[in-house]
Amino acid sequence: MILESSRFPSTRCWILRVQEPGSGPVSRADLMRRGRGLSPTSSDEEIETFLLLVNAWGFGSSGYGPWRTQQVLDSERFFPSARRALEILHSDSSDAALSAYFHLNNKAHGRVPWWGPAFFTKFLTFADPANSVERVERQGALILDRWMATAVRRVADQTSFPTGGWTTPQYAYYLTLMSRLCESSELPDAMTTLDAERALFAMYTGR
């Protein structure tokens, strides 16, 4: 696959061969597989490639994606902030997902310009070992963007839940809601919070 944008030809690294040509668009399965191989000791190149893949999936065909991604990569905060988030996710903390969110969502800690919750939660979700490694028994990070916020507003009848700019307590509420949803008798016992998020995300986005 070749990620490219003719609208933003100067965007470095958006034209990037990450798979064999003709393998099709990046998928959730691709991101989960690559996320399992990501760690705090991954190289800058590996972290950058992962961001590109996540954003390519997240932005889809939007021509805005390359420019927005470039702003993130150009920030001197990106690599140390992303690496610190990975350190948190790979720690023994039971609140690792929430702590990683707090880190990336607060300017005094690891917030990166142009990398808001709608996209850094995608990065966290696919990179979180709790979502792909059986021995990690804690709540994994979940995607929270405007589509999932709309789902929260409808599923929980919470019309006051914002569609952007979520605080850490609001993200904590979202994670708890998804956990309780999976515990409800209306869903299969084997459904995880990641399964529920994936199902709701697909319902609203078709991806």
# chains A, B, ... in the order shown; residues from 1 in each chain; ligands from 1

call {"tool": "residues_around", "arguments": {"residues": "segment 139-143 of chain A", "least_positions_apart": "6", "cutoff": "7 Å", "atoms": "only C-alpha atoms", "output": "ChimeraX atom specification"}}
result
/A:97,121-122,124-125,128,130-131,194,197

call {"tool": "write_last_selection", "arguments": {"atoms": "N, CA and C atoms", "output": "PDB file, in the first residue's frame"}}
result
ATOM      1  N   ALA A  97      -4.502   3.182  30.804  1.00  0.00           N
ATOM      2  CA  ALA A  97      -5.193   3.815  29.679  1.00  0.00           C
ATOM      3  C   ALA A  97      -5.597   5.243  30.026  1.00  0.00           C
ATOM      4  N   THR A 121      -6.396   8.984  20.788  1.00  0.00           N
ATOM      5  CA  THR A 121      -7.013   7.789  21.368  1.00  0.00           C
ATOM      6  C   THR A 121      -6.977   6.616  20.377  1.00  0.00           C
ATOM      7  N   LYS A 122      -6.944   6.901  19.095  1.00  0.00           N
ATOM      8  CA  LYS A 122      -6.769   5.836  18.111  1.00  0.00           C
ATOM      9  C   LYS A 122      -5.362   5.242  18.248  1.00  0.00           C
ATOM     10  N   LEU A 124      -3.489   5.297  20.946  1.00  0.00           N
ATOM     11  CA  LEU A 124      -3.431   4.573  22.213  1.00  0.00           C
ATOM     12  C   LEU A 124      -4.145   3.232  22.125  1.00  0.00           C
ATOM     13  N   THR A 125      -5.302   3.219  21.491  1.00  0.00           N
ATOM     14  CA  THR A 125      -6.103   1.994  21.412  1.00  0.00           C
ATOM     15  C   THR A 125      -5.365   0.878  20.698  1.00  0.00           C
ATOM     16  N   ASP A 128      -2.128  -0.203  22.763  1.00  0.00           N
ATOM     17  CA  ASP A 128      -2.291  -0.657  24.147  1.00  0.00           C
ATOM     18  C   ASP A 128      -2.241  -2.184  24.227  1.00  0.00           C
ATOM     19  N   ALA A 130      -3.134  -4.027  26.527  1.00  0.00           N
ATOM     20  CA  ALA A 130      -4.332  -4.563  27.179  1.00  0.00           C
ATOM     21  C   ALA A 130      -5.399  -4.947  26.158  1.00  0.00           C
ATOM     22  N   ASN A 131      -5.284  -4.424  24.954  1.00  0.00           N
ATOM     23  CA  ASN A 131      -6.250  -4.742  23.909  1.00  0.00           C
ATOM     24  C   ASN A 131      -5.840  -5.925  23.040  1.00  0.00           C
ATOM     25  N   LEU A 194     -13.367  -3.485  23.762  1.00  0.00           N
ATOM     26  CA  LEU A 194     -12.857  -3.200  22.420  1.00  0.00           C
ATOM     27  C   LEU A 194     -13.838  -3.694  21.363  1.00  0.00           C
ATOM     28  N   GLU A 197     -16.662  -1.148  21.309  1.00  0.00           N
ATOM     29  CA  GLU A 197     -16.245   0.086  20.626  1.00  0.00           C
ATOM     30  C   GLU A 197     -16.177  -0.136  19.128  1.00  0.00           C
TER      31      GLU A 197
END

call {"tool": "closest_atom_pairs", "arguments": {"of": "segment 65-139 of chain A", "to": "segment 164-175 of chain A", "cutoff": "7 Å", "atoms": "only C-alpha atoms", "output": "tab-separated table"}}
result
residue	atom	partner	partner_atom	distance
A:Leu98	CA	A:Ala172	CA	6.6
A:Tyr101	CA	A:Thr168	CA	6.8
A:Phe102	CA	A:Thr168	CA	5.7

call {"tool": "select_by_dssp", "arguments": {"residues": "segment 12-184 of chain A", "states": "helix (DSSP H, G or I)", "output": "VMD selection string"}}
result
chain A and resid 28 to 36 44 to 59 64 to 74 78 to 89 96 to 105 117 to 127 129 to 131 146 to 155 168 to 183

call {"tool": "atom_distance", "arguments": {"atom1": "atom CA of Gly116 of chain A", "atom2": "atom CA of Ile88 of chain A"}}
result
18.1 Å

call {"tool": "closest_residue", "arguments": {"among": "A:Ala118, A:Met178, A:Leu38, A:Val133", "to": "Ala156 of chain A", "atoms": "only C-alpha atoms"}}
result
A:Met178

call {"tool": "atom_distance", "arguments": {"atom1": "atom CA of Arg36 of chain A", "atom2": "atom CA of Met148 of chain A"}}
result
23.5 Å

call {"tool": "atom_distance", "arguments": {"atom1": "atom CA of Ala196 of chain A", "atom2": "atom CA of Ser132 of chain A"}}
result
14.8 Å

call {"tool": "residues_around", "arguments": {"residues": "Val152 of chain A", "least_positions_apart": "6", "cutoff": "10 Å", "atoms": "only C-alpha atoms", "output": "PyMOL selection string"}}
result
chain A and resi 144+146+158-163+173-174+177-178+200

call {"tool": "closest_residue", "arguments": {"among": "A:Val26, A:Thr192, A:Ala100, A:Leu51", "to": "Glu134 of chain A", "atoms": "only C-alpha atoms"}}
result
A:Thr192

call {"tool": "select_by_dssp", "arguments": {"residues": "chain A", "states": "strand (DSSP E)", "output": "list in words"}}
result
Ile2, Leu3, Leu16 and Arg17 of chain A

call {"tool": "write_last_selection", "arguments": {"atoms": "N, CA, C and O atoms", "output": "PDB file, in the first residue's frame"}}
result
ATOM      1  N   ILE A   2       0.447   2.277  -0.690  1.00  0.00           N
ATOM      2  CA  ILE A   2       1.172   3.540  -0.720  1.00  0.00           C
ATOM      3  C   ILE A   2       0.268   4.625  -0.165  1.00  0.00           C
ATOM      4  O   ILE A   2      -0.841   4.818  -0.638  1.00  0.00           O
ATOM      5  N   LEU A   3       0.722   5.286   0.880  1.00  0.00           N
ATOM      6  CA  LEU A   3      -0.014   6.404   1.423  1.00  0.00           C
ATOM      7  C   LEU A   3       0.470   7.658   0.718  1.00  0.00           C
ATOM      8  O   LEU A   3       1.645   7.975   0.759  1.00  0.00           O
ATOM      9  N   LEU A  16       4.558   6.847   1.687  1.00  0.00           N
ATOM     10  CA  LEU A  16       5.335   5.869   2.442  1.00  0.00           C
ATOM     11  C   LEU A  16       4.876   4.467   2.085  1.00  0.00           C
ATOM     12  O   LEU A  16       3.707   4.140   2.215  1.00  0.00           O
ATOM     13  N   ARG A  17       5.812   3.620   1.627  1.00  0.00           N
ATOM     14  CA  ARG A  17       5.459   2.232   1.354  1.00  0.00           C
ATOM     15  C   ARG A  17       5.506   1.471   2.679  1.00  0.00           C
ATOM     16  O   ARG A  17       6.571   1.281   3.246  1.00  0.00           O
TER      17      ARG A  17
END
